[in-house]
file input.cif (mmCIF, C-alpha atoms)
data_data
loop_
_atom_site.label_atom_id
_atom_site.label_comp_id
_atom_site.auth_asym_id
_atom_site.auth_seq_id
_atom_site.Cartn_x
_atom_site.Cartn_y
_atom_site.Cartn_z
CA MET A 1 -51.08 -83.97 -45.25
CA THR A 2 -50.38 -84.45 -48.94
CA ILE A 3 -49.83 -88.06 -49.94
CA LYS A 4 -47.67 -88.53 -53.02
CA ALA A 5 -49.33 -90.83 -55.53
CA LEU A 6 -49.39 -91.94 -59.15
CA ARG A 7 -52.49 -91.84 -61.32
CA THR A 8 -52.93 -94.46 -64.04
CA PRO A 9 -53.49 -92.81 -67.44
CA GLU A 10 -57.10 -93.22 -68.56
CA GLU A 11 -56.03 -94.66 -71.91
CA ARG A 12 -54.94 -97.79 -70.08
CA PHE A 13 -58.66 -98.49 -69.58
CA SER A 14 -59.75 -97.64 -73.12
CA VAL A 15 -60.44 -101.25 -74.18
CA LEU A 16 -62.60 -103.02 -71.61
CA PRO A 17 -65.29 -104.86 -73.62
CA ALA A 18 -66.55 -106.76 -70.57
CA PHE A 19 -66.66 -103.67 -68.36
CA PRO A 20 -68.66 -100.88 -70.02
CA TYR A 21 -69.22 -98.95 -66.80
CA GLN A 22 -68.12 -95.34 -66.56
CA PRO A 23 -66.03 -94.46 -63.49
CA ASN A 24 -67.01 -91.90 -60.91
CA TYR A 25 -64.40 -90.04 -58.90
CA VAL A 26 -64.23 -88.38 -55.50
CA ASP A 27 -61.24 -86.33 -54.40
CA ASP A 28 -62.46 -84.77 -51.17
CA LEU A 29 -62.91 -87.70 -48.78
CA GLY A 30 -62.17 -86.58 -45.23
CA GLY A 31 -58.48 -87.16 -44.53
CA TYR A 32 -57.77 -88.15 -48.13
CA GLU A 33 -58.07 -84.75 -49.84
CA SER A 34 -54.90 -85.24 -51.87
CA LEU A 35 -56.10 -88.54 -53.35
CA ARG A 36 -58.74 -89.43 -55.94
CA MET A 37 -60.81 -92.57 -55.44
CA ALA A 38 -62.65 -94.23 -58.32
CA TYR A 39 -65.88 -96.15 -58.03
CA ILE A 40 -68.56 -97.67 -60.23
CA ASP A 41 -72.11 -96.55 -59.48
CA GLU A 42 -74.70 -98.46 -61.52
CA GLY A 43 -78.43 -99.03 -61.35
CA ASP A 44 -81.21 -96.94 -59.91
CA LYS A 45 -79.92 -94.61 -57.19
CA ASP A 46 -83.40 -94.62 -55.68
CA SER A 47 -83.36 -98.41 -55.25
CA GLU A 48 -84.10 -99.72 -51.79
CA TYR A 49 -80.84 -101.69 -51.63
CA THR A 50 -77.29 -100.77 -52.59
CA PHE A 51 -74.85 -103.61 -53.23
CA LEU A 52 -71.42 -102.44 -52.04
CA CYS A 53 -68.87 -104.64 -53.81
CA LEU A 54 -65.38 -104.64 -52.27
CA HIS A 55 -62.43 -106.21 -54.07
CA GLY A 56 -59.10 -107.33 -52.65
CA GLU A 57 -55.50 -108.01 -53.69
CA PRO A 58 -54.43 -107.51 -56.49
CA THR A 59 -57.73 -106.85 -58.30
CA TRP A 60 -60.09 -103.91 -58.79
CA SER A 61 -63.80 -103.37 -59.43
CA TYR A 62 -63.42 -105.23 -62.74
CA LEU A 63 -63.59 -108.38 -60.62
CA TYR A 64 -67.34 -107.75 -60.16
CA ARG A 65 -68.16 -107.39 -63.87
CA LYS A 66 -70.18 -110.65 -63.88
CA MET A 67 -72.18 -109.80 -60.76
CA ILE A 68 -73.01 -106.14 -61.39
CA PRO A 69 -75.49 -106.77 -64.25
CA VAL A 70 -77.32 -109.44 -62.22
CA PHE A 71 -77.84 -107.02 -59.34
CA THR A 72 -78.86 -104.08 -61.53
CA ALA A 73 -81.22 -106.23 -63.64
CA ALA A 74 -83.01 -107.10 -60.39
CA GLY A 75 -83.56 -103.38 -59.78
CA HIS A 76 -80.74 -102.68 -57.32
CA ARG A 77 -77.97 -100.10 -57.13
CA VAL A 78 -74.34 -101.26 -57.22
CA VAL A 79 -71.37 -99.29 -55.92
CA ALA A 80 -67.95 -100.87 -56.51
CA PRO A 81 -64.94 -98.78 -55.40
CA ASP A 82 -61.31 -99.29 -56.27
CA LEU A 83 -59.17 -99.29 -53.14
CA PHE A 84 -56.35 -96.76 -53.15
CA GLY A 85 -53.43 -98.43 -54.92
CA PHE A 86 -55.69 -100.37 -57.29
CA GLY A 87 -57.84 -99.91 -60.37
CA ARG A 88 -58.50 -96.32 -61.40
CA SER A 89 -57.90 -94.97 -57.90
CA ASP A 90 -54.71 -93.07 -57.09
CA LYS A 91 -51.71 -95.15 -56.04
CA PRO A 92 -49.63 -93.85 -53.12
CA ILE A 93 -45.94 -94.44 -53.71
CA GLU A 94 -44.82 -94.84 -50.09
CA ASP A 95 -45.07 -98.26 -48.41
CA SER A 96 -45.90 -96.69 -45.07
CA VAL A 97 -49.18 -95.25 -46.37
CA TYR A 98 -50.69 -98.70 -46.82
CA ASN A 99 -52.11 -99.99 -43.57
CA PHE A 100 -55.40 -101.40 -42.32
CA GLU A 101 -56.82 -98.18 -40.91
CA PHE A 102 -55.89 -96.18 -44.02
CA HIS A 103 -58.04 -98.44 -46.20
CA ARG A 104 -60.81 -99.09 -43.71
CA ASN A 105 -61.31 -95.41 -43.03
CA SER A 106 -61.32 -94.58 -46.75
CA LEU A 107 -64.24 -96.97 -47.26
CA ILE A 108 -66.12 -95.49 -44.31
CA GLN A 109 -65.55 -92.02 -45.75
CA LEU A 110 -66.88 -93.14 -49.14
CA ILE A 111 -70.00 -94.69 -47.59
CA GLU A 112 -70.69 -91.46 -45.72
CA HIS A 113 -69.88 -89.29 -48.75
CA LEU A 114 -72.39 -91.19 -50.90
CA ASP A 115 -74.75 -91.57 -47.92
CA LEU A 116 -75.27 -95.25 -48.74
CA LYS A 117 -78.16 -96.94 -46.93
CA ASN A 118 -79.68 -100.42 -46.89
CA ILE A 119 -76.30 -101.78 -47.92
CA VAL A 120 -75.75 -105.34 -49.05
CA LEU A 121 -72.06 -105.90 -48.33
CA VAL A 122 -70.46 -108.01 -51.07
CA CYS A 123 -66.87 -108.90 -50.23
CA GLN A 124 -63.94 -111.20 -50.87
CA ASP A 125 -60.26 -111.35 -49.89
CA TRP A 126 -59.13 -107.98 -48.43
CA GLY A 127 -62.53 -106.61 -49.37
CA GLY A 128 -63.81 -108.89 -46.62
CA CYS A 129 -60.92 -108.45 -44.18
CA LEU A 130 -61.62 -104.71 -44.32
CA GLY A 131 -65.32 -104.67 -45.12
CA LEU A 132 -66.41 -107.10 -42.41
CA THR A 133 -65.06 -104.68 -39.77
CA ILE A 134 -67.21 -101.75 -40.98
CA PRO A 135 -70.87 -102.71 -40.21
CA MET A 136 -70.22 -102.84 -36.47
CA ASP A 137 -69.59 -99.08 -36.55
CA MET A 138 -72.35 -98.26 -39.07
CA GLN A 139 -75.02 -100.73 -38.05
CA ASP A 140 -77.95 -98.71 -39.33
CA ARG A 141 -76.58 -98.73 -42.88
CA PHE A 142 -75.97 -102.48 -43.43
CA LYS A 143 -78.80 -104.98 -44.04
CA LYS A 144 -77.43 -108.05 -45.84
CA LEU A 145 -74.18 -109.85 -46.61
CA ILE A 146 -72.69 -111.79 -49.52
CA VAL A 147 -69.30 -113.12 -48.44
CA MET A 148 -66.75 -115.08 -50.47
CA ASN A 149 -63.25 -116.47 -49.79
CA THR A 150 -62.11 -114.12 -47.05
CA THR A 151 -61.54 -114.00 -43.31
CA ILE A 152 -61.67 -111.82 -40.22
CA SER A 153 -58.28 -111.41 -38.56
CA ASN A 154 -58.28 -112.89 -35.07
CA GLY A 155 -54.60 -113.07 -34.13
CA GLU A 156 -54.30 -116.83 -34.46
CA PRO A 157 -51.22 -118.32 -36.19
CA LEU A 158 -51.37 -118.15 -39.97
CA ALA A 159 -51.87 -121.23 -42.12
CA GLU A 160 -48.81 -122.51 -43.96
CA ALA A 161 -50.29 -121.52 -47.32
CA ALA A 162 -50.62 -117.90 -46.15
CA LEU A 163 -47.02 -117.87 -44.95
CA GLN A 164 -45.91 -119.24 -48.32
CA TRP A 165 -47.84 -116.49 -50.13
CA MET A 166 -46.16 -113.84 -47.99
CA ALA A 167 -42.74 -115.39 -48.59
CA PHE A 168 -43.35 -115.58 -52.33
CA ASN A 169 -44.27 -111.91 -52.40
CA GLU A 170 -41.04 -111.08 -50.57
CA THR A 171 -38.85 -112.94 -53.06
CA ILE A 172 -40.06 -111.29 -56.27
CA SER A 173 -39.52 -107.70 -57.36
CA GLU A 174 -42.87 -107.38 -59.12
CA LEU A 175 -46.08 -109.39 -58.69
CA PRO A 176 -47.43 -110.63 -62.06
CA VAL A 177 -51.04 -109.56 -61.52
CA ALA A 178 -52.72 -110.96 -64.62
CA GLY A 179 -50.73 -114.18 -64.43
CA ILE A 180 -51.74 -114.86 -60.83
CA ILE A 181 -55.41 -114.31 -61.60
CA ALA A 182 -55.29 -116.35 -64.80
CA CYS A 183 -53.61 -119.26 -63.04
CA ASP A 184 -56.24 -119.21 -60.32
CA ALA A 185 -59.33 -118.66 -62.47
CA GLY A 186 -58.33 -120.73 -65.50
CA ALA A 187 -60.91 -120.82 -68.28
CA ALA A 188 -63.10 -118.31 -66.42
CA VAL A 189 -60.86 -115.50 -67.70
CA ASN A 190 -59.69 -114.73 -71.23
CA VAL A 191 -56.95 -112.64 -72.81
CA MET A 192 -58.98 -109.43 -72.61
CA ASP A 193 -59.61 -110.08 -68.92
CA ALA A 194 -55.87 -110.48 -68.36
CA ILE A 195 -55.27 -107.15 -70.09
CA ALA A 196 -57.94 -105.53 -67.92
CA TYR A 197 -56.41 -106.84 -64.68
CA ASP A 198 -53.02 -105.47 -65.74
CA ALA A 199 -54.44 -102.14 -66.94
CA PRO A 200 -54.07 -100.24 -63.64
CA PHE A 201 -50.32 -100.89 -63.55
CA PRO A 202 -48.25 -99.44 -66.43
CA ASP A 203 -45.08 -100.49 -64.61
CA LYS A 204 -43.89 -101.68 -61.21
CA ASN A 205 -43.89 -98.13 -59.80
CA TYR A 206 -47.69 -98.34 -59.75
CA LYS A 207 -47.64 -101.60 -57.78
CA VAL A 208 -46.60 -100.38 -54.34
CA GLY A 209 -50.02 -101.36 -52.98
CA VAL A 210 -49.93 -104.70 -54.77
CA LYS A 211 -46.58 -105.41 -53.16
CA ARG A 212 -47.63 -104.09 -49.77
CA PHE A 213 -50.94 -105.90 -49.19
CA PRO A 214 -49.43 -109.38 -48.57
CA GLN A 215 -47.12 -107.72 -46.04
CA MET A 216 -50.21 -106.31 -44.28
CA ILE A 217 -51.42 -109.78 -43.31
CA PRO A 218 -51.33 -109.59 -39.50
CA THR A 219 -48.75 -111.75 -37.76
CA ASN A 220 -49.33 -110.61 -34.17
CA ALA A 221 -52.19 -109.68 -31.89
CA ASP A 222 -51.17 -106.01 -31.75
CA ASP A 223 -51.97 -105.44 -35.41
CA ASP A 224 -54.86 -103.07 -36.13
CA ALA A 225 -56.47 -105.72 -38.32
CA VAL A 226 -56.69 -108.01 -35.29
CA LYS A 227 -58.01 -105.29 -32.98
CA TYR A 228 -60.79 -104.48 -35.42
CA GLY A 229 -61.22 -108.15 -36.26
CA LEU A 230 -61.92 -109.21 -32.68
CA ARG A 231 -64.56 -106.50 -32.38
CA ALA A 232 -66.03 -107.61 -35.70
CA ILE A 233 -66.23 -111.24 -34.59
CA GLU A 234 -68.19 -110.14 -31.55
CA PHE A 235 -70.55 -108.12 -33.76
CA TRP A 236 -71.17 -110.84 -36.36
CA SER A 237 -71.61 -113.48 -33.67
CA ASN A 238 -73.99 -111.62 -31.39
CA GLU A 239 -75.42 -108.46 -32.96
CA TRP A 240 -75.84 -109.16 -36.67
CA SER A 241 -79.49 -109.72 -37.57
CA GLY A 242 -79.41 -109.40 -41.36
CA GLU A 243 -79.59 -112.09 -44.01
CA SER A 244 -76.33 -113.65 -45.19
CA PHE A 245 -75.15 -115.67 -48.17
CA MET A 246 -71.78 -117.42 -48.45
CA ALA A 247 -70.04 -118.76 -51.55
CA ILE A 248 -66.76 -120.68 -51.49
CA GLY A 249 -64.26 -121.20 -54.28
CA MET A 250 -63.15 -124.67 -53.28
CA LYS A 251 -59.74 -124.61 -55.01
CA ASP A 252 -58.50 -121.73 -52.85
CA ALA A 253 -55.52 -122.98 -50.85
CA ILE A 254 -55.54 -120.11 -48.34
CA LEU A 255 -59.12 -118.89 -47.93
CA GLY A 256 -61.01 -121.93 -49.15
CA GLU A 257 -63.41 -124.27 -47.39
CA ALA A 258 -61.60 -124.58 -44.06
CA ALA A 259 -61.24 -120.83 -43.56
CA MET A 260 -64.75 -120.11 -44.77
CA MET A 261 -66.38 -122.68 -42.53
CA GLN A 262 -64.63 -121.03 -39.58
CA LEU A 263 -66.08 -117.72 -40.76
CA LYS A 264 -69.52 -119.28 -41.19
CA ALA A 265 -69.45 -120.29 -37.52
CA VAL A 266 -68.87 -116.63 -36.64
CA ILE A 267 -71.68 -115.10 -38.72
CA LYS A 268 -74.96 -115.40 -36.84
CA GLY A 269 -77.61 -117.14 -38.93
CA CYS A 270 -75.33 -117.83 -41.88
CA PRO A 271 -76.85 -120.65 -43.97
CA GLU A 272 -74.97 -123.50 -45.58
CA PRO A 273 -72.58 -122.10 -48.19
CA MET A 274 -72.71 -122.42 -51.94
CA LYS A 275 -69.63 -124.45 -52.88
CA ILE A 276 -68.12 -123.97 -56.33
CA GLU A 277 -65.79 -126.86 -56.96
CA GLU A 278 -64.09 -125.40 -60.05
CA ALA A 279 -63.53 -121.93 -58.55
CA GLY A 280 -60.38 -120.76 -56.84
CA HIS A 281 -59.64 -117.67 -54.79
CA PHE A 282 -61.12 -115.22 -57.30
CA VAL A 283 -64.55 -116.78 -57.02
CA GLN A 284 -66.27 -113.73 -58.55
CA GLU A 285 -65.17 -115.10 -61.90
CA TYR A 286 -68.14 -117.43 -61.37
CA GLY A 287 -70.18 -114.47 -60.20
CA VAL A 288 -73.34 -114.82 -62.31
CA GLU A 289 -74.43 -117.98 -60.53
CA ILE A 290 -73.40 -116.61 -57.14
CA ALA A 291 -75.33 -113.39 -57.62
CA GLU A 292 -78.42 -115.20 -58.86
CA GLN A 293 -78.45 -117.65 -55.96
CA ALA A 294 -77.79 -114.92 -53.41
CA LEU A 295 -80.73 -112.86 -54.69
CA ALA A 296 -82.95 -115.93 -54.69
CA SER A 297 -82.04 -116.62 -51.06
CA PHE A 298 -82.78 -113.11 -49.80
CA THR A 299 -86.06 -111.61 -48.78
CA MET A 300 -86.11 -108.48 -50.92
CA SER A 301 -89.10 -106.15 -50.62
#
call {"tool": "encode", "arguments": {"input": "input.cif", "output": "structure tokens"}}
result
Amino acid sequence: MTIKALRTPEERFSVLPAFPYQPNYVDDLGGYESLRMAYIDEGDKDSEYTFLCLHGEPTWSYLYRKMIPVFTAAGHRVVAPDLFGFGRSDKPIEDSVYNFEFHRNSLIQLIEHLDLKNIVLVCQDWGGCLGLTIPMDMQDRFKKLIVMNTTISNGEPLAEAALQWMAFNETISELPVAGIIACDAGAAVNVMDAIAYDAPFPDKNYKVGVKRFPQMIPTNADDDAVKYGLRAIEFWSNEWSGESFMAIGMKDAILGEAAMMQLKAVIKGCPEPMKIEEAGHFVQEYGVEIAEQALASFTMS
């Protein structure tokens, strides 16, 4: 089936002084042959570990610009894809395309296409909601975890802050991407960062995914996110044997300390989290310190 999509002109990404990485593209993922996915692939491809960095709403791989050089300087490979609808990846124009399985399966297809092994899953926001449901079905590929400001859907009633975010998204015609990130991250982002976060979206027609993701937050137990989430909770609680590292942006009203401590209780062997008092939801904007502490905490051969 051909999925109609827009493709952001490359010139929109021509000035990214903080993100010198060249994109890679794949347009033959199984089930996604009509779409092109972009991803960053940095470091030594023969490295023992590959850090798979998954972004969420409404960001793209640019969010990991402060963590990528820390990982590669330590001798590791970093793969950071842009979800369909974000970054340099194609942007389907129909609301109905965007659902949990569509995105989860695309990530599984990318992992298999690149044959990634010894993966360190690095995730936040929807990158975690999606990414934390993948290792249970690819257990031999995943070895470690760095998790930040995210959750696993379990079907429980949503917090008031989450409901407010969904309602806000419903009331506006276009989500101001750079403005939302700048308000959350404050001094951690500058004008050029704001331009970079807006770059994937020349106009509102490119923001169908941005608009859709808040509507994908599961509100009932029949949602696919919950079905996968309950399986994932079982896996992380009982079967996970890898090392984990957790960082929390403490100013996050939705996925801050309370949500992350619930997640910590799920992840077997998860140590006490790194708490960043000045960080909000987009905690990767403080990513240098997070990456350094995560590496220091791991046993890396």
call {"tool": "residues_around", "arguments": {"input": "input.cif", "residues": "segment 129-135 of chain A", "least_positions_apart": "6", "cutoff": "6 Å", "atoms": "all atoms listed in the file", "output": "mmCIF file with C-alpha atoms, keeping the file's coordinate frame"}}
result
data_model
loop_
_atom_site.group_PDB
_atom_site.id
_atom_site.type_symbol
_atom_site.label_atom_id
_atom_site.label_comp_id
_atom_site.auth_asym_id
_atom_site.auth_seq_id
_atom_site.Cartn_x
_atom_site.Cartn_y
_atom_site.Cartn_z
ATOM 1 C CA ARG A 104 -60.810 -99.090 -43.710
ATOM 2 C CA THR A 151 -61.540 -114.000 -43.310
ATOM 3 C CA ILE A 152 -61.670 -111.820 -40.220
ATOM 4 C CA ALA A 232 -66.030 -107.610 -35.700
#
call {"tool": "residues_near_point", "arguments": {"input": "input.cif", "point": "(-69.8, -110.8, -61.8)", "cutoff": "6 Å", "atoms": "only C-alpha atoms", "output": "JSON, numbers by chain"}}
result
{"A": [64, 65, 66, 67, 68, 284, 287, 288]}
call {"tool": "resolve_selection", "arguments": {"input": "input.cif", "expression": "the PyMOL selection byres ((chain A and resi 71) around 10)", "output": "ChimeraX atom specification"}}
result
/A:42-43,49-51,66-70,72-78,288,291-292,294-295
call {"tool": "residues_near_point", "arguments": {"input": "input.cif", "point": "(-70.4, -97.1, -64.3)", "cutoff": "10 Å", "atoms": "all atoms listed in the file", "output": "PyMOL selection string"}}
result
chain A and resi 19-24+39-43+68+78-80
call {"tool": "closest_residue", "arguments": {"input": "input.cif", "among": "A:Ile111, A:Ala247, A:Ala188, A:Met300", "to": "Lys143 of chain A", "atoms": "all atoms listed in the file"}}
result
A:Met300
call {"tool": "resolve_selection", "arguments": {"input": "input.cif", "expression": "the PyMOL selection byres ((chain A and resi 173) around 12)", "output": "PDB file with C-alpha atoms, in the frame of the given file"}}
result
ATOM      1  CA  PHE A 168     -43.350-115.580 -52.330  1.00  0.00           C
ATOM      2  CA  ASN A 169     -44.270-111.910 -52.400  1.00  0.00           C
ATOM      3  CA  GLU A 170     -41.040-111.080 -50.570  1.00  0.00           C
ATOM      4  CA  THR A 171     -38.850-112.940 -53.060  1.00  0.00           C
ATOM      5  CA  ILE A 172     -40.060-111.290 -56.270  1.00  0.00           C
ATOM      6  CA  GLU A 174     -42.870-107.380 -59.120  1.00  0.00           C
ATOM      7  CA  LEU A 175     -46.080-109.390 -58.690  1.00  0.00           C
ATOM      8  CA  PRO A 176     -47.430-110.630 -62.060  1.00  0.00           C
ATOM      9  CA  ASP A 203     -45.080-100.490 -64.610  1.00  0.00           C
ATOM     10  CA  LYS A 204     -43.890-101.680 -61.210  1.00  0.00           C
ATOM     11  CA  ASN A 205     -43.890 -98.130 -59.800  1.00  0.00           C
ATOM     12  CA  LYS A 207     -47.640-101.600 -57.780  1.00  0.00           C
ATOM     13  CA  VAL A 208     -46.600-100.380 -54.340  1.00  0.00           C
ATOM     14  CA  VAL A 210     -49.930-104.700 -54.770  1.00  0.00           C
ATOM     15  CA  LYS A 211     -46.580-105.410 -53.160  1.00  0.00           C
ATOM     16  CA  ARG A 212     -47.630-104.090 -49.770  1.00  0.00           C
TER      17      ARG A 212
END
call {"tool": "resolve_selection", "arguments": {"input": "input.cif", "expression": "the PyMOL selection byres ((chain A and resi 109) around 12)", "output": "MDAnalysis selection string"}}
result
chainID A and resid 26:33 37 81 101:108 110:116 134 138
call {"tool": "closest_atom_pairs", "arguments": {"input": "input.cif", "of": "segment 117-172 of chain A", "to": "segment 249-271 of chain A", "cutoff": "7 Å", "atoms": "all atoms listed in the file", "output": "tab-separated table"}}
result
residue	atom	partner	partner_atom	distance
A:Asn149	CA	A:Leu255	CA	5.1
A:Thr150	CA	A:Leu255	CA	5.7
A:Thr151	CA	A:Leu263	CA	6.4
A:Ala161	CA	A:Ile254	CA	5.5
A:Ala162	CA	A:Ile254	CA	5.8
call {"tool": "atom_distance", "arguments": {"input": "input.cif", "atom1": "atom CA of Asp193 of chain A", "atom2": "atom CA of Val283 of chain A"}}
result
14.5 Å
call {"tool": "closest_residue", "arguments": {"input": "input.cif", "among": "A:Leu35, A:Ala225, A:Ile146, A:Ala182", "to": "Gln293 of chain A", "atoms": "only C-alpha atoms"}}
result
A:Ile146
call {"tool": "residues_around", "arguments": {"input": "input.cif", "residues": "Leu230 of chain A", "least_positions_apart": "2", "cutoff": "10 Å", "atoms": "all atoms listed in the file", "output": "JSON, numbers by chain"}}
result
{"A": [133, 152, 153, 154, 155, 221, 224, 225, 226, 227, 228, 232, 233, 234, 235]}
call {"tool": "atom_distance", "arguments": {"input": "input.cif", "atom1": "atom CA of Thr219 of chain A", "atom2": "atom CA of Pro273 of chain A"}}
result
28.0 Å
call {"tool": "closest_residue", "arguments": {"input": "input.cif", "among": "A:Gly242, A:Pro218, A:Gly179, A:Pro202", "to": "Leu158 of chain A", "atoms": "all atoms listed in the file"}}
result
A:Pro218
call {"tool": "atom_distance", "arguments": {"input": "input.cif", "atom1": "atom CA of Met136 of chain A", "atom2": "atom CA of Leu54 of chain A"}}
result
16.6 Å
call {"tool": "closest_residue", "arguments": {"input": "input.cif", "among": "A:Asp82, A:Glu243, A:Glu11, A:Asp95", "to": "Lys144 of chain A", "atoms": "all atoms listed in the file"}}
result
A:Glu243
